[in-house]
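Here is the structure we will look at.
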Amino acid sequence: MLVVLCDGKVVCGCADPYGERPLGSTAESSISEIWNSELVQSIRTGLNKGFSPFCRDCGLKTPLSLDDPIPQRAIIQNPVTRIFVEPTILCNISCFQAVCSHESGIVQSRACKRMPAQLFHRIMHETGPSLKRLDFFNYGETFMHPQATDMIAFVKTNYPQIYVYVSTNGIPLTDMNLNKLVESGLDEITFSIDGTTQAIYEKYRRGGNLADVLKNVEQLVRIREHKGSDKPFINWRYILFNWNDRRSQMQHARKLAHRLGVDRLVWEITDHPKSAASHKYQTGTRLWRKRFYEIWDTSRLSNALDGRKYLAKIKQIPRTITCKCGESLQISCHIINTGGATWQHRTSSSIRTIRLGAQLHDSKKVLLNRDYSRAFLPQTLKSGESATVELQFDAPKQPGIYFFKFDMVSEGIDWFESAGSPVSWCRLHVI
């Protein structure tokens, strides 16, 4: 993906907060020209070989063992399907020892503090027809831009297929903006709230007012319900520090999240700043494993709220099928909603529609096709409800032993298995 900073400079990710490794500038080149520029091609070539010198200072590198194959990507890629756009570098609070705090000097690293609306419109007109996702935030607080909500509405009006996602501290929002936000068609919003008392919350979010952000979250839920909309999907992200990681504090967050009516509560694990990191919940610890399916980076379906979890039980008969190459098949599966979340059989954008999927694997259960077959639900299913679903597909054209893995999927989001839901297998003998 690409990240467009508020002054038009383009970088390759969030690991370059000060724009010190630019790929180009929108003042000189189009997004598509930057996306496949000689510099970007050289980076991709290096990564395909195992390392790019351009990435030396990046903290997001993934180490590989000697036996791991190096992931390969095309050197020329078209079109651009996802970008981050930074509306502004300005923020209303100054988080403790964060790279975007007022003391870091990040504001001075941008030639322009707010992205001009005309530049944003130009970027969207260029990338909009092919874009699948827009992350409308980066460093700075999105809603410190006075036209932020209008810019979101511009995208959803002109390019409704784009999934628009925003992350915010939630403080600058007003009742008027909250109404406009729901009307804009925004798909998903994350509120960063790291505590349930003002004293704990402001240890990191210095200058923030917990009561204001909780009021705004609750009001957004009410407005969405009043308008009868299923958007935006509302996340509460809680960064775990050594001052807010007690079991009682996390339980209080669960109760408060239930009362507010958010769709999702997740814990985020961080090691920055080191003096504040939660040692109990670092990757690999006992408590980390215990909360694995409640952690932000585990899955886009991770959730600490029992009443909002996506879990399923899938029963299909028979366990083994013998058929001819290319033969048309139909499998009847009985599915039960064993989690707390309601499974929507239809949504306004098809994103988050729940369907049954069959993934094709070879004889050793190595994945061949993740999207081999899908089946719609006959109706929306609440917790505890069940239905019978018919999957139709053609058998593989080559003889041999195969396996189908059956799992529920929230379309455009993730598979239930990633959130801890059990899957079901079927052996397929093709002759």
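To be explicit about the labels: the chains of the structure tokens are called A, B, and onward in the order shown, and within each one the residues are counted from 1, while ligands get numbers from 1 in the order they are shown.
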- Task: Would you mind listing what lies within 10 Å of Pro232 in chain A as a count of residues only, with only C-alpha atoms counted and same-chain residues fewer than 4 positions away left out?
- Result: 17
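Excluding Ser363 in chain A itself and same-chain residues fewer than 6 positions from it, the residues having an atom within 12 Å of it are Pro399, Gly400, Ile401, Tyr402, Phe403, Phe404, Cys426, Arg427, Leu428, His429 and Val430 of chain A, counting only C-alpha atoms.
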- Task: Just the helix (DSSP H, G or I) stuff from range 280-351 of chain A, please, per backbone DSSP, written as number ranges by chain.
- Result: A: 286-290, 292-294, 306-308
- If we count only C-alpha atoms, what is near range 40-42 of chain A at a cut-off of 12 Å, once residues fewer than 6 positions away on the same chain are taken out, given as a list in words?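 Residues near the query, excluding close chain neighbours: Met1, Leu2, Val10, Val11, Cys12, Arg21, Pro22, Leu23, Gly24, Ile31, Ser32, Glu33, Ile34, Asn48, Lys49, Phe51, Ser52, Pro53, Phe54, Cys55, Arg73, Ala74, Ile75, Ile76 and Gln77 of chain A.
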Writing out the chosen residues with N, CA, C and O atoms as a short mmCIF file (atom, residue, chain, number, x, y, z; two decimals), in the first residue's frame:
data_model
loop_
_atom_site.label_atom_id
_atom_site.label_comp_id
_atom_site.auth_asym_id
_atom_site.auth_seq_id
_atom_site.Cartn_x
_atom_site.Cartn_y
_atom_site.Cartn_z
N MET A 1 0.85 -1.19 0.00
CA MET A 1 0.00 0.00 0.00
C MET A 1 0.89 1.24 0.00
O MET A 1 2.12 1.15 0.18
N LEU A 2 0.26 2.38 -0.18
CA LEU A 2 0.96 3.66 -0.10
C LEU A 2 0.32 4.51 1.00
O LEU A 2 -0.86 4.36 1.29
N VAL A 10 4.61 11.09 -0.32
CA VAL A 10 4.16 9.70 -0.31
C VAL A 10 5.24 8.81 0.29
O VAL A 10 6.40 8.85 -0.13
N VAL A 11 4.86 8.00 1.29
CA VAL A 11 5.77 7.04 1.90
C VAL A 11 5.12 5.66 1.84
O VAL A 11 3.99 5.51 1.39
N CYS A 12 5.86 4.64 2.29
CA CYS A 12 5.36 3.27 2.08
C CYS A 12 4.68 2.68 3.30
O CYS A 12 4.19 1.56 3.24
N ARG A 21 11.81 8.76 4.33
CA ARG A 21 12.11 7.87 3.19
C ARG A 21 11.00 8.00 2.16
O ARG A 21 10.25 7.05 1.91
N PRO A 22 10.87 9.16 1.54
CA PRO A 22 9.76 9.37 0.59
C PRO A 22 9.92 8.55 -0.68
O PRO A 22 11.03 8.33 -1.18
N LEU A 23 8.78 8.11 -1.20
CA LEU A 23 8.75 7.43 -2.50
C LEU A 23 8.47 8.42 -3.62
O LEU A 23 8.72 8.12 -4.79
N GLY A 24 7.94 9.59 -3.26
CA GLY A 24 7.61 10.60 -4.26
C GLY A 24 6.71 11.64 -3.64
O GLY A 24 6.49 11.66 -2.43
N ILE A 31 -0.27 9.21 -8.29
CA ILE A 31 -0.14 8.05 -7.40
C ILE A 31 0.31 6.82 -8.19
O ILE A 31 1.18 6.07 -7.76
N SER A 32 -0.27 6.63 -9.36
CA SER A 32 0.08 5.45 -10.17
C SER A 32 1.53 5.51 -10.63
O SER A 32 2.20 4.47 -10.72
N GLU A 33 2.02 6.70 -10.93
CA GLU A 33 3.43 6.83 -11.33
C GLU A 33 4.35 6.50 -10.16
O GLU A 33 5.38 5.83 -10.34
N ILE A 34 3.99 6.93 -8.97
CA ILE A 34 4.80 6.62 -7.79
C ILE A 34 4.73 5.13 -7.48
O ILE A 34 5.74 4.49 -7.15
N ASN A 48 12.08 -9.26 -3.09
CA ASN A 48 11.95 -10.60 -3.69
C ASN A 48 13.23 -11.41 -3.54
O ASN A 48 13.20 -12.65 -3.59
N LYS A 49 14.36 -10.71 -3.34
CA LYS A 49 15.64 -11.39 -3.11
C LYS A 49 15.91 -11.60 -1.62
O LYS A 49 16.86 -12.30 -1.26
N PHE A 51 15.95 -8.83 0.80
CA PHE A 51 16.21 -7.60 1.54
C PHE A 51 16.36 -6.42 0.57
O PHE A 51 16.96 -6.54 -0.49
N SER A 52 15.80 -5.26 0.98
CA SER A 52 15.98 -4.03 0.22
C SER A 52 16.68 -3.01 1.11
O SER A 52 16.22 -2.74 2.23
N PRO A 53 17.79 -2.42 0.66
CA PRO A 53 18.48 -1.40 1.47
C PRO A 53 17.56 -0.23 1.85
O PRO A 53 17.76 0.39 2.89
N PHE A 54 16.56 0.04 1.04
CA PHE A 54 15.63 1.12 1.34
C PHE A 54 14.92 0.87 2.67
O PHE A 54 14.55 1.81 3.38
N CYS A 55 14.75 -0.40 3.01
CA CYS A 55 13.99 -0.79 4.21
C CYS A 55 14.87 -0.93 5.45
O CYS A 55 14.39 -1.40 6.50
N ARG A 73 6.47 -11.08 -4.97
CA ARG A 73 5.42 -10.21 -5.47
C ARG A 73 5.83 -9.68 -6.84
O ARG A 73 7.03 -9.56 -7.14
N ALA A 74 4.84 -9.31 -7.64
CA ALA A 74 5.11 -8.77 -8.97
C ALA A 74 5.88 -7.45 -8.84
O ALA A 74 5.60 -6.63 -7.95
N ILE A 75 6.83 -7.21 -9.73
CA ILE A 75 7.60 -5.98 -9.71
C ILE A 75 6.74 -4.80 -10.18
O ILE A 75 6.80 -3.70 -9.63
N ILE A 76 5.93 -5.05 -11.20
CA ILE A 76 4.96 -4.05 -11.65
C ILE A 76 3.60 -4.48 -11.13
O ILE A 76 3.16 -5.60 -11.37
N GLN A 77 2.91 -3.59 -10.40
CA GLN A 77 1.62 -3.93 -9.83
C GLN A 77 0.58 -2.88 -10.24
O GLN A 77 0.80 -1.69 -10.08
#
- From the list A:Phe120, A:Trp243, A:Phe233, A:Tyr201, which residue is nearest Tyr163 in chain A when using only C-alpha atoms?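 Under the stated criterion, the closest residue is A:Phe233.
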- Query: With only C-alpha atoms as the atoms that count, which of A:Leu64, A:Ala419, A:Ile351, A:Ile413 lies nearest to Asn303 in chain A?
  - Reply: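 Among the listed residues, A:Ala419 lies closest to Asn303 in chain A.
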- Using only C-alpha atoms, which of the listed residues (A:Asp194, A:Ser248, A:Gln316, A:Trp415) sits closest to Val266 in chain A? A:Asp194
- Query: Which residues come within 12 Å of range 147-157 of chain A, counting only C-alpha atoms, excluding same-chain residues fewer than 6 positions away, as a PyMOL selection string?
  - Reply: chain A and resi 85-88+114-129+131-137+141+163-166+168+172-174+176-189+232+349
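Every protein, DNA or RNA residue with an atom at most 9 Å from Gly412 in chain A, where only C-alpha atoms count and chain neighbours fewer than 3 positions away do not, is listed here: Ser350, Ile351, Arg352, Thr353 and Val409 of chain A.
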Suppose we keep C-alpha atoms; can you now write the selection as a PDB file, in the first residue's frame?
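Contents of again07.pdb, freshly written:
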ATOM      1  CA  SER A 350     -22.015  -6.908   1.235  1.00  0.00           C
ATOM      2  CA  ILE A 351     -19.052  -6.362   3.590  1.00  0.00           C
ATOM      3  CA  ARG A 352     -19.659  -8.325   6.835  1.00  0.00           C
ATOM      4  CA  THR A 353     -22.224 -10.538   5.147  1.00  0.00           C
ATOM      5  CA  VAL A 409     -16.655 -16.128   6.753  1.00  0.00           C
TER       6      VAL A 409
END
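In this structure, CA of Met250 in chain A sits 18.4 Å away from CA of Asp271 in chain A.
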- Task: Using DSSP on the backbone coordinates, identify the residues of range 95-243 of chain A assigned to strand (DSSP E or B); present them as a ChimeraX atom specification.
- Result: /A:95,114,133-135,163-168,188-192,205-206,233-241
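In this model, the gap between CA of Lys231 in chain A and CA of Pro422 in chain A comes to 28.1 Å.
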- Message: Give me the residues near range 333-345 of chain A as a PyMOL selection string, where near means some atom within 7 Å (using only C-alpha atoms) and where sequence neighbours in that chain fewer than 4 positions away do not count.
- Response: chain A and resi 306-316+353-354+376-377+379-390
Can you spit out the residues from that selection as a PDB file, in the first residue's frame, using C-alpha atoms?
ATOM      1  CA  ASP A 306     -18.643 -12.517  24.608  1.00  0.00           C
ATOM      2  CA  GLY A 307     -21.866 -11.074  23.280  1.00  0.00           C
ATOM      3  CA  ARG A 308     -20.181 -10.030  20.038  1.00  0.00           C
ATOM      4  CA  LYS A 309     -17.970 -13.026  19.195  1.00  0.00           C
ATOM      5  CA  TYR A 310     -18.224 -14.914  15.890  1.00  0.00           C
ATOM      6  CA  LEU A 311     -18.256 -18.642  16.656  1.00  0.00           C
ATOM      7  CA  ALA A 312     -19.888 -21.498  14.772  1.00  0.00           C
ATOM      8  CA  LYS A 313     -20.494 -25.228  14.803  1.00  0.00           C
ATOM      9  CA  ILE A 314     -20.616 -26.817  11.349  1.00  0.00           C
ATOM     10  CA  LYS A 315     -21.986 -30.292  10.731  1.00  0.00           C
ATOM     11  CA  GLN A 316     -21.914 -31.835   7.288  1.00  0.00           C
ATOM     12  CA  THR A 353     -22.224 -10.538   5.147  1.00  0.00           C
ATOM     13  CA  ILE A 354     -21.882 -13.975   6.773  1.00  0.00           C
ATOM     14  CA  PHE A 376     -25.492 -17.627   1.446  1.00  0.00           C
ATOM     15  CA  LEU A 377     -27.462 -17.998   4.658  1.00  0.00           C
ATOM     16  CA  GLN A 379     -31.836 -15.738   6.821  1.00  0.00           C
ATOM     17  CA  THR A 380     -30.095 -13.717   9.531  1.00  0.00           C
ATOM     18  CA  LEU A 381     -29.149 -15.938  12.474  1.00  0.00           C
ATOM     19  CA  LYS A 382     -28.999 -14.745  16.082  1.00  0.00           C
ATOM     20  CA  SER A 383     -27.005 -16.437  18.832  1.00  0.00           C
ATOM     21  CA  GLY A 384     -28.169 -20.025  19.322  1.00  0.00           C
ATOM     22  CA  GLU A 385     -30.081 -20.192  16.038  1.00  0.00           C
ATOM     23  CA  SER A 386     -29.268 -22.663  13.265  1.00  0.00           C
ATOM     24  CA  ALA A 387     -29.924 -23.330   9.594  1.00  0.00           C
ATOM     25  CA  THR A 388     -29.218 -25.814   6.837  1.00  0.00           C
ATOM     26  CA  VAL A 389     -27.129 -24.494   3.960  1.00  0.00           C
ATOM     27  CA  GLU A 390     -26.490 -26.096   0.572  1.00  0.00           C
TER      28      GLU A 390
END
- Item | Selection near range 207-215 of chain A, 12 Å with only C-alpha atoms, sequence-local residues under 3 positions removed, as a PyMOL selection string | chain A and resi 91-96+101-102+168-175+178+190-204+218-222+236+253+256-257+259-262
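As for CA of Asn235 in chain A and CA of Arg289 in chain A, they are spaced 21.7 Å apart.
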